[in-house]
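**Q** Contents of run27.pdb (PDB, C-alpha atoms) are below:
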```
ATOM      1  CA  MET A 116      13.041  67.817   3.240
ATOM      2  CA  SER A 117       9.437  66.699   3.040
ATOM      3  CA  ASP A 118       7.368  65.995   6.153
ATOM      4  CA  MET A 119       6.320  62.638   4.792
ATOM      5  CA  SER A 120       9.954  61.684   4.259
ATOM      6  CA  SER A 121      10.863  62.341   7.895
ATOM      7  CA  GLN A 122       8.136  60.079   9.273
ATOM      8  CA  MET A 123       9.932  56.802   8.392
ATOM      9  CA  SER A 124       7.002  55.560   6.346
ATOM     10  CA  THR A 125       6.500  51.801   6.035
ATOM     11  CA  ASP A 126       5.427  52.185   2.380
ATOM     12  CA  PRO A 127       8.139  51.822  -0.290
ATOM     13  CA  ILE A 128       8.783  54.459  -2.929
ATOM     14  CA  SER A 129       7.106  53.598  -6.223
ATOM     15  CA  ALA A 130       8.391  56.418  -8.484
ATOM     16  CA  ILE A 131      11.065  59.137  -8.539
ATOM     17  CA  GLY A 132      11.242  62.352 -10.548
ATOM     18  CA  VAL A 133      12.667  65.853 -10.790
ATOM     19  CA  VAL A 134      10.717  69.141 -10.914
ATOM     20  CA  THR A 135      11.770  72.695 -11.763
ATOM     21  CA  SER A 136       9.630  74.407  -9.129
ATOM     22  CA  LEU A 137       8.257  73.584  -5.691
ATOM     23  CA  SER A 138       4.874  74.881  -6.841
ATOM     24  CA  LYS A 139       4.659  72.499  -9.801
ATOM     25  CA  VAL A 140       4.794  69.195  -7.982
ATOM     26  CA  THR A 141       2.492  66.443  -9.263
ATOM     27  CA  ALA A 142      -0.258  65.428  -6.851
ATOM     28  CA  GLY A 143       0.828  62.585  -4.594
ATOM     29  CA  TYR A 144       4.539  63.440  -4.876
ATOM     30  CA  TYR A 145       6.742  64.779  -2.090
ATOM     31  CA  VAL A 146       9.698  67.088  -2.722
ATOM     32  CA  VAL A 147      13.091  66.912  -1.047
ATOM     33  CA  ALA A 148      13.210  70.690  -0.850
ATOM     34  CA  GLN A 149      15.830  71.034   1.902
ATOM     35  CA  THR A 150      18.924  69.233   3.095
ATOM     36  CA  THR A 151      18.948  67.595   6.509
ATOM     37  CA  ASP A 152      20.493  70.754   8.002
ATOM     38  CA  GLY A 153      17.855  73.055   6.480
ATOM     39  CA  CYS A 154      19.666  74.317   3.365
ATOM     40  CA  ASP A 155      18.152  74.586  -0.102
ATOM     41  CA  ALA A 156      18.328  71.170  -1.842
ATOM     42  CA  ASP A 157      18.465  72.567  -5.396
ATOM     43  CA  LEU A 158      20.259  70.026  -7.589
ATOM     44  CA  TRP A 159      21.052  72.488 -10.409
ATOM     45  CA  LYS A 160      22.584  75.503  -8.709
ATOM     46  CA  ASP A 161      26.166  76.521  -9.420
ATOM     47  CA  GLY A 162      28.513  77.107  -6.538
ATOM     48  CA  LEU A 163      29.962  80.281  -8.089
ATOM     49  CA  PHE A 164      27.041  81.972  -9.788
ATOM     50  CA  LYS A 165      23.443  82.223  -8.661
ATOM     51  CA  SER A 166      21.162  80.720 -11.284
ATOM     52  CA  LYS A 167      17.460  81.120 -11.854
ATOM     53  CA  VAL A 168      17.259  77.473 -12.901
ATOM     54  CA  THR A 169      16.304  75.070 -10.126
ATOM     55  CA  ARG A 170      15.838  71.305  -9.871
ATOM     56  CA  TYR A 171      14.339  69.400  -6.956
ATOM     57  CA  LEU A 172      14.136  65.680  -6.368
ATOM     58  CA  CYS A 173      10.664  64.272  -5.703
ATOM     59  CA  PHE A 174       9.113  60.870  -5.124
ATOM     60  CA  THR A 175       5.821  59.136  -4.430
ATOM     61  CA  ARG A 176       4.691  56.168  -2.351
ATOM     62  CA  LYS A 177       1.472  55.595  -4.254
ATOM     63  CA  THR A 178       0.631  51.898  -4.296
ATOM     64  CA  GLY A 179       1.407  50.364  -7.656
ATOM     65  CA  PRO A 180       2.662  47.152  -9.248
ATOM     66  CA  ASP A 181       6.343  48.265  -9.101
ATOM     67  CA  VAL A 182       8.664  49.680  -6.441
ATOM     68  CA  VAL A 183      12.105  51.323  -6.492
ATOM     69  CA  VAL A 184      14.767  48.833  -5.407
ATOM     70  CA  ASP A 185      17.999  50.725  -6.173
ATOM     71  CA  LEU A 186      19.404  54.132  -7.115
ATOM     72  CA  LYS A 187      22.616  55.251  -8.802
ATOM     73  CA  LEU A 188      24.056  58.677  -9.526
ATOM     74  CA  ILE A 189      26.478  58.574 -12.476
ATOM     75  CA  ASP A 190      28.311  61.061 -14.688
ATOM     76  CA  ILE A 191      26.429  62.184 -17.779
ATOM     77  CA  LYS A 192      29.024  60.433 -20.010
ATOM     78  CA  ASP A 193      29.012  57.095 -18.176
ATOM     79  CA  MET A 194      27.299  54.008 -19.551
ATOM     80  CA  LEU A 195      23.833  53.347 -18.182
ATOM     81  CA  PRO A 196      23.874  50.490 -15.617
ATOM     82  CA  GLU A 197      22.011  47.339 -16.574
ATOM     83  CA  SER A 198      18.331  47.237 -15.526
ATOM     84  CA  PHE A 199      18.379  50.948 -14.562
ATOM     85  CA  THR A 200      16.278  53.717 -16.106
ATOM     86  CA  PRO A 201      17.618  57.296 -16.207
ATOM     87  CA  VAL A 202      15.592  60.316 -15.111
ATOM     88  CA  HIS A 203      16.130  62.405 -18.248
ATOM     89  CA  GLU A 204      13.447  65.116 -18.009
ATOM     90  CA  THR A 205      11.645  67.154 -15.422
ATOM     91  CA  MET A 206       8.094  66.106 -14.700
ATOM     92  CA  ASP A 207       6.601  69.593 -15.045
ATOM     93  CA  THR A 208       8.424  71.191 -18.015
ATOM     94  CA  LYS A 209      10.129  68.244 -19.810
ATOM     95  CA  GLU A 210      13.509  69.967 -19.595
ATOM     96  CA  ALA A 211      16.836  68.346 -18.729
ATOM     97  CA  ALA A 212      16.673  66.974 -15.204
ATOM     98  CA  MET A 213      20.360  67.542 -14.331
ATOM     99  CA  ARG A 214      23.479  69.098 -15.813
ATOM    100  CA  LYS A 215      26.545  66.988 -15.080
ATOM    101  CA  LYS A 216      25.013  63.999 -13.389
ATOM    102  CA  ARG A 217      22.336  61.479 -14.201
ATOM    103  CA  LEU A 218      20.045  59.842 -11.662
ATOM    104  CA  CYS A 219      19.272  56.198 -12.506
ATOM    105  CA  VAL A 220      16.433  54.191 -10.984
ATOM    106  CA  LYS A 221      15.941  50.441 -10.827
ATOM    107  CA  MET A 222      12.350  49.175 -10.593
ATOM    108  CA  SER A 223      11.012  45.744  -9.714
ATOM    109  CA  PRO A 224       7.551  44.161  -9.295
ATOM    110  CA  ARG A 225       6.315  44.511  -5.721
ATOM    111  CA  GLU A 226       5.547  40.785  -5.372
ATOM    112  CA  ALA A 227       9.053  39.824  -6.542
ATOM    113  CA  VAL A 228      11.066  41.644  -3.849
ATOM    114  CA  LYS A 229      11.253  41.726  -0.067
ATOM    115  CA  THR A 230      13.053  45.086   0.301
ATOM    116  CA  ALA A 231      12.863  48.413  -1.545
ATOM    117  CA  VAL A 232      13.764  52.094  -1.203
ATOM    118  CA  HIS A 233      11.652  53.736   1.517
ATOM    119  CA  ASP A 234      13.175  57.195   1.922
ATOM    120  CA  ILE A 235      15.510  59.682   0.231
ATOM    121  CA  GLN A 236      17.475  62.439   1.964
ATOM    122  CA  ILE A 237      19.935  65.071   0.765
ATOM    123  CA  ILE A 238      22.721  66.267   3.074
ATOM    124  CA  ALA A 239      25.494  68.859   2.824
ATOM    125  CA  LYS A 240      28.817  67.401   1.675
ATOM    126  CA  SER A 241      30.901  65.696   4.402
ATOM    127  CA  LYS A 242      28.638  66.982   7.169
ATOM    128  CA  TYR A 243      27.731  63.598   8.642
ATOM    129  CA  HIS A 244      26.488  60.169   7.678
ATOM    130  CA  LEU A 245      22.905  59.043   8.046
ATOM    131  CA  VAL A 246      22.399  55.839  10.010
ATOM    132  CA  ASN A 247      20.857  52.999   7.957
ATOM    133  CA  TYR A 248      21.139  55.104   4.773
ATOM    134  CA  THR A 249      23.318  54.564   1.696
ATOM    135  CA  CYS A 250      24.965  57.369  -0.275
ATOM    136  CA  ILE A 251      24.713  57.094  -4.071
ATOM    137  CA  GLY A 252      26.948  60.073  -4.847
ATOM    138  CA  GLU A 253      27.320  63.840  -4.664
ATOM    139  CA  ILE A 254      25.949  66.662  -6.794
ATOM    140  CA  ASN A 255      26.504  70.402  -6.261
ATOM    141  CA  ASN A 256      28.327  69.713  -2.981
ATOM    142  CA  MET A 257      25.389  67.683  -1.662
ATOM    143  CA  GLY A 258      25.065  63.962  -1.050
ATOM    144  CA  ILE A 259      21.992  61.924  -2.005
ATOM    145  CA  TRP A 260      21.173  59.142   0.449
ATOM    146  CA  TYR A 261      18.489  56.485   0.475
ATOM    147  CA  ARG A 262      17.132  54.031   3.050
ATOM    148  CA  MET A 263      15.958  50.477   2.343
ATOM    149  CA  GLY A 264      13.031  48.787   4.080
ATOM    150  CA  ASP A 265      10.712  45.805   3.931
ATOM    151  CA  VAL A 266       8.006  45.604   1.281
ATOM    152  CA  PRO A 267       4.584  44.748   2.786
ATOM    153  CA  GLN A 268       2.822  42.175   0.645
ATOM    154  CA  HIS A 269      -0.898  42.795   0.146
ATOM    155  CA  GLN A 270      -3.019  39.707   0.906
ATOM    156  CA  SER A 271      -5.610  38.492  -1.533
ATOM    157  CA  THR A 272      -9.148  39.679  -0.878
ATOM    158  CA  GLN A 273     -10.434  36.161  -1.516
ATOM    159  CA  GLU A 274     -10.088  34.182   1.711
ATOM    160  CA  PRO A 275     -10.339  30.379   1.789
ATOM    161  CA  PHE A 276     -13.458  28.724   3.192
ATOM    162  CA  SER A 277     -13.339  27.958   6.889
ATOM    163  CA  ILE A 278     -14.133  24.457   8.128
ATOM    164  CA  ALA A 279     -17.537  25.580   9.415
ATOM    165  CA  GLU A 280     -18.399  27.246   6.094
ATOM    166  CA  SER A 281     -17.284  24.149   4.207
ATOM    167  CA  ASP A 282     -19.430  21.854   6.386
ATOM    168  CA  ALA A 283     -22.438  24.135   6.012
ATOM    169  CA  LEU A 284     -22.014  24.154   2.230
ATOM    170  CA  CYS A 285     -21.776  20.355   2.148
ATOM    171  CA  ASN A 286     -24.879  19.973   4.325
ATOM    172  CA  THR A 287     -26.841  22.363   2.143
ATOM    173  CA  THR A 288     -25.769  20.511  -0.992
ATOM    174  CA  ARG A 289     -26.619  17.170   0.576
ATOM    175  CA  ARG A 290     -30.115  18.345   1.511
ATOM    176  CA  THR A 291     -30.694  19.891  -1.893
ATOM    177  CA  MET A 292     -29.377  16.916  -3.824
ATOM    178  CA  GLY A 293     -31.056  14.269  -1.621
ATOM    179  CA  ARG A 294     -34.569  15.667  -1.393
ATOM    180  CA  PRO A 295     -35.917  14.441  -4.794
ATOM    181  CA  HIS A 296     -34.541  10.960  -4.138
ATOM    182  CA  TYR A 297     -36.067  10.915  -0.647
ATOM    183  CA  GLU A 298     -39.432  12.085  -1.942
ATOM    184  CA  HIS A 299     -39.260   9.411  -4.629
ATOM    185  CA  GLN A 300     -38.723   6.752  -1.937
ATOM    186  CA  ILE A 301     -41.694   8.000   0.101
ATOM    187  CA  SER A 302     -43.869   7.994  -3.006
ATOM    188  CA  GLY A 303     -42.722   4.476  -3.861
ATOM    189  CA  ILE A 304     -43.467   3.145  -0.376
ATOM    190  CA  TYR A 305     -46.925   4.692  -0.440
ATOM    191  CA  THR A 306     -47.661   3.182  -3.873
ATOM    192  CA  MET A 307     -46.432  -0.236  -2.785
ATOM    193  CA  THR A 308     -48.532  -0.052   0.404
ATOM    194  CA  VAL A 309     -51.735   0.766  -1.501
ATOM    195  CA  SER A 310     -51.025  -2.020  -4.001
ATOM    196  CA  LEU A 311     -50.480  -4.529  -1.227
ATOM    197  CA  GLN A 312     -53.655  -3.454   0.504
ATOM    198  CA  LEU A 313     -55.671  -3.960  -2.692
ATOM    199  CA  HIS A 314     -54.000  -7.265  -3.368
ATOM    200  CA  HIS A 315     -54.623  -8.473   0.141
ATOM    201  CA  ARG A 316     -58.263  -7.365   0.000
ATOM    202  CA  ALA A 317     -58.808  -9.123  -3.318
ATOM    203  CA  LYS A 318     -57.188 -12.286  -2.017
ATOM    204  CA  HIS A 319     -59.170 -12.525   1.211
ATOM    205  CA  CYS A 320     -62.474 -10.956   0.225
ATOM    206  CA  SER A 321     -63.872 -14.328  -0.875
ATOM    207  CA  VAL A 322     -63.001 -16.253   2.320
ATOM    208  CA  SER A 323     -65.644 -17.031   4.861
ATOM    209  CA  SER A 324     -66.184 -15.177   8.052
ATOM    210  CA  PHE A 325     -64.763 -18.169   9.903
ATOM    211  CA  GLN A 326     -61.598 -18.047   7.843
ATOM    212  CA  ARG A 327     -61.293 -14.314   8.363
ATOM    213  CA  LYS A 328     -61.822 -14.780  12.081
ATOM    214  CA  HIS A 329     -59.091 -17.441  12.385
ATOM    215  CA  HIS A 330     -56.681 -15.824   9.867
ATOM    216  CA  ASN A 331     -53.222 -15.428  11.390
ATOM    217  CA  TRP A 332     -52.763 -11.717  10.755
ATOM    218  CA  THR A 333     -49.422 -11.506  12.578
ATOM    219  CA  LYS A 334     -47.818 -14.252  10.477
ATOM    220  CA  CYS A 335     -49.233 -13.174   7.144
ATOM    221  CA  THR A 336     -46.436 -11.643   5.160
ATOM    222  CA  ILE A 337     -48.695  -9.204   3.357
ATOM    223  CA  CYS A 338     -50.490  -8.135   6.536
ATOM    224  CA  THR A 339     -47.224  -7.653   8.356
ATOM    225  CA  ILE A 340     -45.932  -5.322   5.612
ATOM    226  CA  ILE A 341     -49.150  -3.288   5.566
ATOM    227  CA  TYR A 342     -49.890  -2.932   9.262
ATOM    228  CA  LYS A 343     -46.437  -3.105  10.821
TER
END
```
Show me this structure written as structure tokens.
**A**
Amino acid sequence: MSDMSSQMSTDPISAIGVVTSLSKVTAGYYVVAQTTDGCDADLWKDGLFKSKVTRYLCFTRKTGPDVVVDLKLIDIKDMLPESFTPVHETMDTKEAAMRKKRLCVKMSPREAVKTAVHDIQIIAKSKYHLVNYTCIGEINNMGIWYRMGDVPQHQSTQEPFSIAESDALCNTTRRTMGRPHYEHQISGIYTMTVSLQLHHRAKHCSVSSFQRKHHNWTKCTICTIIYK
């Protein structure tokens, strides 16, 4: 039994395989090398004769688009269950994975499910039952059990704008968009002021000093615009 398996990981299993040797395990995979009571968890061995051929169940929790949602152990002659994929070959040597049985795996996209397989254990036949585990069948006097768990959904890295960020963006846009119009208004006022000054000067330059002295500057529309 792998150390990782016994730690009740919160990550679901994303792939399952079979290897011929404990020394030929693919990186990132964990091997169910022993039963829960410490016996050899070889799936190939014969109860009567000692064989040099060995098979060990392995799995990985590497993050991927799919997760394992169900397992079935069927006879080699039985029809393959719908939506299940059989583990035909060993990962290291491409030989037959099992003799009389066939392990079938059902996969599903991570985002489409809320629960998936989180752990796999192998126990000696009729020894005891594992709490919160489900038995899929027996092979070579050993039972294969799996535990279901919640699938953590990964949040998107793109977070929505906060209210403060949205206001700041709007203010920046308003200042950027409004500046040319504002400058145009200032320029227009200055041009109109100069024009009025010239017009007023041309209009009153010919009046007498007496008229200029008694000119009502506060009531003159042009003067009020210029000097107000």
**Q** Do you know which residues the PyMOL selection byres ((chain A and resi 221) around 7) returns on this file, as a short mmCIF file (atom, residue, chain, number, x, y, z; two decimals) with C-alpha atoms, in the frame of the given file?
**A**
```
data_model
loop_
_atom_site.label_atom_id
_atom_site.label_comp_id
_atom_site.auth_asym_id
_atom_site.auth_seq_id
_atom_site.Cartn_x
_atom_site.Cartn_y
_atom_site.Cartn_z
CA VAL A 183 12.10 51.32 -6.49
CA VAL A 184 14.77 48.83 -5.41
CA ASP A 185 18.00 50.72 -6.17
CA LEU A 186 19.40 54.13 -7.12
CA SER A 198 18.33 47.24 -15.53
CA PHE A 199 18.38 50.95 -14.56
CA THR A 200 16.28 53.72 -16.11
CA CYS A 219 19.27 56.20 -12.51
CA VAL A 220 16.43 54.19 -10.98
CA MET A 222 12.35 49.18 -10.59
CA SER A 223 11.01 45.74 -9.71
#
```
**Q** Record the distance separating atom CA of A:Thr151 and atom CA of A:Pro196, expressed in Å with one decimal.
**A**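 Rounded to one decimal, the two atoms are 28.4 Å apart.
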**Q** Pick the closest to A:Arg170 from A:Met206, A:Ile189, A:Val228, A:Ala130: which is it, counting all atoms listed in the file?
**A** A:Met206
**Q** Determine, counting all atoms listed in the file, every residue of protein, DNA or RNA that lies within 6 Å of (22.3, 67.2, -9.2) in the file coordinates, then give the result as a PyMOL selection string.
**A** chain A and resi 158-159+213+216+254
**Q** Atoms to include: C-alpha atoms. Write the selected residues as a PDB file, in the coordinates of the input.
**A**
```pdb
ATOM      1  CA  LEU A 158      20.259  70.026  -7.589  1.00  0.00           C
ATOM      2  CA  TRP A 159      21.052  72.488 -10.409  1.00  0.00           C
ATOM      3  CA  MET A 213      20.360  67.542 -14.331  1.00  0.00           C
ATOM      4  CA  LYS A 216      25.013  63.999 -13.389  1.00  0.00           C
ATOM      5  CA  ILE A 254      25.949  66.662  -6.794  1.00  0.00           C
TER       6      ILE A 254
END
```
**Q** Might you pull out every residue within 7 Å of A:Ile237, with only C-alpha atoms counted and same-chain residues fewer than 4 positions away left off, and present them as JSON, numbers by chain?
**A** {"A": [150, 151, 156, 257, 258, 259, 260]}
**Q** How far is it from atom CA of A:Ile251 to atom CA of A:Asp152, in Å with one decimal?
**A** 18.7 Å
**Q** Choose the residue, out of A:Ile235, A:Gln149, A:Val134, A:Ala142, that has the smallest atom-to-atom separation from A:Val202; count only C-alpha atoms.
**A**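 Residue with the minimum atom-to-atom distance to A:Val202: A:Val134.
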**Q** Counting all atoms listed in the file, which residues come within 12 Å of (28.6, 55.5, 1.5), with the point read in the file's coordinates, and could you list them as a PDB file with C-alpha atoms, in the coordinates of the input?
**A**
```
ATOM      1  CA  LYS A 187      22.616  55.251  -8.802  1.00  0.00           C
ATOM      2  CA  LYS A 240      28.817  67.401   1.675  1.00  0.00           C
ATOM      3  CA  SER A 241      30.901  65.696   4.402  1.00  0.00           C
ATOM      4  CA  TYR A 243      27.731  63.598   8.642  1.00  0.00           C
ATOM      5  CA  HIS A 244      26.488  60.169   7.678  1.00  0.00           C
ATOM      6  CA  LEU A 245      22.905  59.043   8.046  1.00  0.00           C
ATOM      7  CA  VAL A 246      22.399  55.839  10.010  1.00  0.00           C
ATOM      8  CA  ASN A 247      20.857  52.999   7.957  1.00  0.00           C
ATOM      9  CA  TYR A 248      21.139  55.104   4.773  1.00  0.00           C
ATOM     10  CA  THR A 249      23.318  54.564   1.696  1.00  0.00           C
ATOM     11  CA  CYS A 250      24.965  57.369  -0.275  1.00  0.00           C
ATOM     12  CA  ILE A 251      24.713  57.094  -4.071  1.00  0.00           C
ATOM     13  CA  GLY A 252      26.948  60.073  -4.847  1.00  0.00           C
ATOM     14  CA  GLU A 253      27.320  63.840  -4.664  1.00  0.00           C
ATOM     15  CA  GLY A 258      25.065  63.962  -1.050  1.00  0.00           C
ATOM     16  CA  ILE A 259      21.992  61.924  -2.005  1.00  0.00           C
ATOM     17  CA  TRP A 260      21.173  59.142   0.449  1.00  0.00           C
ATOM     18  CA  TYR A 261      18.489  56.485   0.475  1.00  0.00           C
ATOM     19  CA  ARG A 262      17.132  54.031   3.050  1.00  0.00           C
TER      20      ARG A 262
END
```
**Q** Which residue, A:Pro127, A:Pro201, A:Gly143, A:Gly132, has the smallest gap to A:Ala231 when you use all atoms listed in the file?
**A** A:Pro127
**Q** Record the distance separating atom CA of A:Lys229 and atom CA of A:Val140, expressed in Å with one decimal.
**A**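 Separation between atom CA of A:Lys229 and atom CA of A:Val140: 29.3 Å.
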**Q** From the list A:Val266, A:Thr141, A:Thr135, A:Gly153, which residue is nearest A:His233 when using all atoms listed in the file?
**A**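 Checking each candidate against A:His233, we get A:Val266 as the closest.
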**Q** With only C-alpha atoms as the atoms that count, which of A:Glu226, A:Ser124, A:Val232, A:Ala239 lies nearest to A:Gly179?
**A**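 Closest residue, counting only C-alpha atoms: A:Glu226.
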**Q** Is there a way to complete stretch 216-236 of chain A with N, CA and C atoms and then write that out as an mmCIF file, in the frame of the given file?
**A**
```
data_model
loop_
_atom_site.group_PDB
_atom_site.id
_atom_site.type_symbol
_atom_site.label_atom_id
_atom_site.label_comp_id
_atom_site.auth_asym_id
_atom_site.auth_seq_id
_atom_site.Cartn_x
_atom_site.Cartn_y
_atom_site.Cartn_z
ATOM 1 N N LYS A 216 25.275 65.323 -13.952
ATOM 2 C CA LYS A 216 25.013 63.999 -13.389
ATOM 3 C C LYS A 216 23.721 63.429 -13.964
ATOM 4 N N ARG A 217 23.552 62.138 -13.743
ATOM 5 C CA ARG A 217 22.336 61.479 -14.201
ATOM 6 C C ARG A 217 21.867 60.505 -13.110
ATOM 7 N N LEU A 218 20.625 60.699 -12.682
ATOM 8 C CA LEU A 218 20.045 59.842 -11.662
ATOM 9 C C LEU A 218 19.410 58.632 -12.352
ATOM 10 N N CYS A 219 19.780 57.431 -11.908
ATOM 11 C CA CYS A 219 19.272 56.198 -12.506
ATOM 12 C C CYS A 219 18.481 55.417 -11.462
ATOM 13 N N VAL A 220 17.359 54.868 -11.894
ATOM 14 C CA VAL A 220 16.433 54.191 -10.984
ATOM 15 C C VAL A 220 16.217 52.760 -11.456
ATOM 16 N N LYS A 221 16.236 51.841 -10.518
ATOM 17 C CA LYS A 221 15.941 50.441 -10.827
ATOM 18 C C LYS A 221 14.604 50.065 -10.201
ATOM 19 N N MET A 222 13.687 49.565 -11.042
ATOM 20 C CA MET A 222 12.350 49.175 -10.593
ATOM 21 C C MET A 222 12.227 47.655 -10.589
ATOM 22 N N SER A 223 11.279 47.180 -9.767
ATOM 23 C CA SER A 223 11.012 45.744 -9.714
ATOM 24 C C SER A 223 9.567 45.527 -9.290
ATOM 25 N N PRO A 224 8.919 44.448 -9.750
ATOM 26 C CA PRO A 224 7.551 44.161 -9.295
ATOM 27 C C PRO A 224 7.497 44.000 -7.776
ATOM 28 N N ARG A 225 6.456 44.538 -7.180
ATOM 29 C CA ARG A 225 6.315 44.511 -5.721
ATOM 30 C C ARG A 225 6.349 43.076 -5.187
ATOM 31 N N GLU A 226 5.649 42.159 -5.863
ATOM 32 C CA GLU A 226 5.547 40.785 -5.372
ATOM 33 C C GLU A 226 6.857 40.010 -5.501
ATOM 34 N N ALA A 227 7.819 40.564 -6.282
ATOM 35 C CA ALA A 227 9.053 39.824 -6.542
ATOM 36 C C ALA A 227 10.186 40.183 -5.588
ATOM 37 N N VAL A 228 9.992 41.192 -4.733
ATOM 38 C CA VAL A 228 11.066 41.644 -3.849
ATOM 39 C C VAL A 228 10.595 41.716 -2.404
ATOM 40 N N LYS A 229 11.546 41.617 -1.496
ATOM 41 C CA LYS A 229 11.253 41.726 -0.067
ATOM 42 C C LYS A 229 11.668 43.075 0.514
ATOM 43 N N THR A 230 12.603 43.773 -0.156
ATOM 44 C CA THR A 230 13.053 45.086 0.301
ATOM 45 C C THR A 230 13.044 46.072 -0.859
ATOM 46 N N ALA A 231 12.884 47.355 -0.530
ATOM 47 C CA ALA A 231 12.863 48.413 -1.545
ATOM 48 C C ALA A 231 13.260 49.722 -0.885
ATOM 49 N N VAL A 232 13.399 50.765 -1.717
ATOM 50 C CA VAL A 232 13.764 52.094 -1.203
ATOM 51 C C VAL A 232 12.552 52.720 -0.507
ATOM 52 N N HIS A 233 12.743 53.157 0.739
ATOM 53 C CA HIS A 233 11.652 53.736 1.517
ATOM 54 C C HIS A 233 11.787 55.241 1.726
ATOM 55 N N ASP A 234 13.005 55.763 1.649
ATOM 56 C CA ASP A 234 13.175 57.195 1.922
ATOM 57 C C ASP A 234 14.418 57.718 1.204
ATOM 58 N N ILE A 235 14.383 59.013 0.871
ATOM 59 C CA ILE A 235 15.510 59.682 0.231
ATOM 60 C C ILE A 235 15.790 60.982 0.978
ATOM 61 N N GLN A 236 17.060 61.215 1.287
ATOM 62 C CA GLN A 236 17.475 62.439 1.964
ATOM 63 C C GLN A 236 18.664 63.059 1.235
#
```
